[in-house]
Structure formats: C-alpha cells, structure tokens
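This report concerns only the one structure given below.
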Amino acid sequence: MQSADELQVRKRIFLQRDFSNGMAVRFQTRFPSELDGRVNPEEFSQTISVLNEKYRQAEEISFSTYCEGCLACLTGYLLLLCINTHYKKVLKEISKYIEDQNNTIYWPKRILIKDPFESGLRSIEIVIFDEN
Amino acid sequence: MARQTGILYFTISLILVTVALFFGFECRLTLVTHLPYGYFIPIACGLLFLFNMGCLLRTAWSDPGIIPRSTPEEAAYLERCLQDQQARDENTREYRPPPRTLDITINGTPMKLKYCFTCKIFRPPRASHCSMCDNCVENFDHHCPWVGNCVGRRNYRYFFLFVTSLTLLCLFIFSFSVTHIILLSGLQGGFLEALKISPGRYPFMLICFFSIWSVIG
C-alpha cells in the first residue's frame, strides 16, 4: 500500500470545536462538503460521535479519578511519575481508535484523520489525498 | 517555562534562605531542646517546605494550557470558510479580511469568540493571549512573574497549592520565631535582652511577616 508521503495532498479540512453545549471537548459533527462522494456520511458522523463520547469519558469524575487526584497531591505529585492518569489512558485509547478508523475506513479512500491532540484539541485535521 | 525566569530563581532562593535560617537558628538552638516533642517542628517545617517547592516547580515548569498556533493551512482554511459564509450572508464576492469575532451560542447564550492575530486562531471563551510568553493560554488567569510562567487551566491547581502552602509556611515560621523570642525573653528577663542575643533572625522574620500579607491577599 502506498504511504502517505508519496501522494499529493489535495485538500485539508479542519473540523472545529462545537461549543453549543458548553466548554467540554466536542467537535462539530456536520458533514464537510469536501468529503461528499468519498466517504459515507453515516460512517463519518459515527467516527466523530465516538470521538466526542471518548473525550467526554476522559473528563468524567469518578471515585477512582478522585482517589488518583488526592493520592497524587499527598505524595507531592510523585505518584504521577509512576502511574498514568485516567485522562492519559483515555487519550491513548483515542489515538488507537483514530489509527484503527484510518486503517479500516479512511485510508483505503486516501483520507487521513489526524489526532486533534496535536493541535491542542482545537480542531480535527482531515487530509484528503489525490487518488492515483 | 516562560522567558525571563530570573525572578523564579529569586523566589526559590528567598524561600530557601528563609527556611534555612529558620532551621539554623530556631531548631538547632532552642526549640528542639526546650519544648517537649520539639523535634516535630523541624520535621513539619521540612515537609511543608518540600511540598511548597514541589508545587512551585510544578507551576513553573508545567504547561498552563497553551493553545498551539494554527498551521498556515488551518489559517487559510478558516479564512476561506468565513469568506464563504460572508458571501452567502451578504451576496458579495469581494475579499474581506477575517473578522475579529465569531458569533456562537453556548448553552443557549450568544457569545463572541475573539480572533487572535498572532496565533491566527479563534480563541475559546476565557482564553487569552499572553504577551510575555507570546502564546494563547486556555482559562488564562494571569502571568505570574514570581513563578516565571502563566497561570492557566492546566497549572492552576499547582499554583493555588503553592500559594496556600507558602502562606502556611510563612505563618509557621513567623509564629515559631515569635514563640522563640517570647521564651527567650522569659528566660533572659526582658524582651530587649532576648532580641540582643540572636540578631540574625530579624531579616528573615521581617521577610516572613511581609510575605504573609502579600501572599494571603
């Protein structure tokens, strides 16, 4: 399979944050017109919805996250050198999910979704390559 | 870590010198031998000092929630989207520079997102651009010169813990210095006599006293 470096980039789309329900991390699920014909709208909105749900889970407060925070504070934050916080674990899951989606759905159509963490959770970059 | 970090080293040395003087004079000379369970005092002070230093370094050396600048492609894409939107709204095809605000609704309340011309992004609400660090920071509180870093969303808790523990440390040192002087004046028969015996502690007591007011505030 050709690698991303060998193909020409036709277009880059940036899905912005959706602030309509508050400041929580959520991306707009509106289907970009540039992907019309290349990607199934339902699959695309499913990907973005799952990402939004995972980001919501990452910031969820539960008994374990509360304990993590308290223990970390009591040990002078040295605990954070030893264990990964819940947030980091979910971020890793998100990375893996994006990679899976790219490998199964998007790369066969020569589209790449980049992890929004690289842009500071500001936008999801979608790179559309020329089909050759 | 931000630029101009000289004041951070000043803060660290100030706290270090004050605590070292406290250990040197109070603990070594009188408190440990005089009071029952006096050895708790240097231990408690030591722990408080380590916690305070940890919080200070964590505040200074951690990311306050910096929003990365947009890539040129993203800036161009935003501009194109806005142009299209404007063209749809006003039926004109002329080029206009990107507007300074974007109207959005958050939980039903209309709000304006400001455009940062340096970072070329629309800032989320409560984000602000720090000119000292030259980047946008989420939930920007202020740029603290003592810590040498911005205080924003991601390091707010460390900054708050630093300020709280510094207050406690100051109160701790000040109260024990005063106790020591009272004890000494009891032994030596007079307040002035007690003051004459150990002149070295006045500078750091004064530092503590004034820092308490500025830090608690």
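Each chain of the structure tokens is named A, B, ... in the order shown, its residues numbered from 1; ligands are numbered from 1 in display order.
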Within 12 Å of range 35-38 of chain A using only C-alpha atoms, minus same-chain residues under 2 positions, as a count of residues only
29
Only residues of chain B matter here; which ones have an atom within 6 Å of chain A, counting only C-alpha atoms? Give them as number ranges by chain. B: 51, 67-68, 105-107
Residue subset to file, keeping all heavy atoms, as a compact mmCIF listing (two decimals), in the first residue's frame:
# COMPACT_ATOMS: atom_id res chain seq x y z
N PHE B 51 6.93 20.27 50.08
CA PHE B 51 5.66 20.35 49.35
C PHE B 51 5.56 21.66 48.59
O PHE B 51 5.16 21.72 47.43
CB PHE B 51 4.50 20.20 50.34
CG PHE B 51 3.15 20.19 49.68
CD1 PHE B 51 2.73 19.12 48.91
CD2 PHE B 51 2.30 21.27 49.81
CE1 PHE B 51 1.50 19.12 48.29
CE2 PHE B 51 1.05 21.27 49.20
CZ PHE B 51 0.65 20.20 48.44
N ILE B 67 -2.39 27.08 23.87
CA ILE B 67 -3.06 26.65 22.64
C ILE B 67 -2.04 26.82 21.51
O ILE B 67 -1.54 27.92 21.27
CB ILE B 67 -4.30 27.51 22.37
CG1 ILE B 67 -5.22 27.49 23.58
CG2 ILE B 67 -5.03 27.00 21.14
CD1 ILE B 67 -6.43 28.36 23.41
N PRO B 68 -1.70 25.72 20.82
CA PRO B 68 -0.71 25.84 19.75
C PRO B 68 -1.22 26.76 18.64
O PRO B 68 -2.43 26.83 18.40
CB PRO B 68 -0.55 24.41 19.22
CG PRO B 68 -1.26 23.54 20.16
CD PRO B 68 -2.24 24.36 20.91
N THR B 105 -23.20 30.15 19.93
CA THR B 105 -24.12 30.05 21.08
C THR B 105 -23.62 28.96 22.00
O THR B 105 -23.37 27.84 21.55
CB THR B 105 -25.54 29.65 20.62
OG1 THR B 105 -25.63 29.85 19.24
CG2 THR B 105 -26.58 30.45 21.33
N ILE B 106 -23.46 29.29 23.27
CA ILE B 106 -23.05 28.29 24.26
C ILE B 106 -24.22 28.09 25.21
O ILE B 106 -24.60 29.02 25.92
CB ILE B 106 -21.81 28.76 25.05
CG1 ILE B 106 -20.65 28.97 24.10
CG2 ILE B 106 -21.45 27.74 26.10
CD1 ILE B 106 -19.39 29.37 24.79
N ASN B 107 -24.78 26.87 25.21
CA ASN B 107 -25.91 26.57 26.09
C ASN B 107 -27.02 27.61 25.96
O ASN B 107 -27.58 28.07 26.95
CB ASN B 107 -25.46 26.50 27.57
CG ASN B 107 -24.82 25.17 27.89
OD1 ASN B 107 -25.14 24.16 27.27
ND2 ASN B 107 -23.91 25.15 28.84
Return as a count of residues only the full set of residues in chain A whose backbone-based DSSP assignment is strand (DSSP E).
-> 18
Practice item. List every residue of range 1-126 of chain A that DSSP, applied to the backbone of this structure, places in alpha helix (DSSP H), and write the result as an MDAnalysis selection string. Key: chainID A and resid 41:58 63:74 79:82 86:101
Could the residues of range 4-62 of chain A that have an atom at most 8 Å from range 89-98 of chain A be listed as JSON lines, each with its closest atom pair and the distance in Å to one decimal, counting only C-alpha atoms and ordered by chain and ascending residue number?
{"residue": "A:Leu51", "atom": "CA", "partner": "A:Ile94", "partner_atom": "CA", "distance": 6.9}
{"residue": "A:Lys54", "atom": "CA", "partner": "A:Ile94", "partner_atom": "CA", "distance": 6.9}
{"residue": "A:Tyr55", "atom": "CA", "partner": "A:Val90", "partner_atom": "CA", "distance": 7.7}
{"residue": "A:Gln57", "atom": "CA", "partner": "A:Val90", "partner_atom": "CA", "distance": 7.7}
{"residue": "A:Ala58", "atom": "CA", "partner": "A:Val90", "partner_atom": "CA", "distance": 5.6}
Residues from last step as file, N, CA and C atoms, as a PDB file, in the first residue's frame:
ATOM      1  N   LEU A  51     -15.623   9.735  18.948  1.00  0.00           N
ATOM      2  CA  LEU A  51     -14.530  10.567  19.477  1.00  0.00           C
ATOM      3  C   LEU A  51     -15.058  11.519  20.548  1.00  0.00           C
ATOM      4  N   LYS A  54     -15.713   9.661  23.720  1.00  0.00           N
ATOM      5  CA  LYS A  54     -14.477   9.297  24.432  1.00  0.00           C
ATOM      6  C   LYS A  54     -13.900  10.502  25.157  1.00  0.00           C
ATOM      7  N   TYR A  55     -13.964  11.688  24.517  1.00  0.00           N
ATOM      8  CA  TYR A  55     -13.452  12.884  25.189  1.00  0.00           C
ATOM      9  C   TYR A  55     -14.292  13.216  26.414  1.00  0.00           C
ATOM     10  N   GLN A  57     -15.824  10.978  28.236  1.00  0.00           N
ATOM     11  CA  GLN A  57     -15.446   9.998  29.261  1.00  0.00           C
ATOM     12  C   GLN A  57     -14.128  10.366  29.922  1.00  0.00           C
ATOM     13  N   ALA A  58     -13.205  10.931  29.141  1.00  0.00           N
ATOM     14  CA  ALA A  58     -11.881  11.255  29.683  1.00  0.00           C
ATOM     15  C   ALA A  58     -11.977  12.237  30.829  1.00  0.00           C
TER      16      ALA A  58
END
Here CA of Trp61 in chain B and CA of Phe22 in chain B stand apart by 27.2 Å
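With CA of His129 in chain B on one side and CA of Tyr156 in chain B on the other, the separation reads 16.6 Å.
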(message) Can you tell me which residues surround range 120-123 of chain B at a distance of at most 9 Å, considering only C-alpha atoms, apart from same-chain residues fewer than 2 positions away, and format the answer as an NGL selection string?
(response) (:A and (122)) or (:B and (67 or 69-72 or 74-75 or 78 or 100-102 or 113-118 or 125-129 or 136-138))
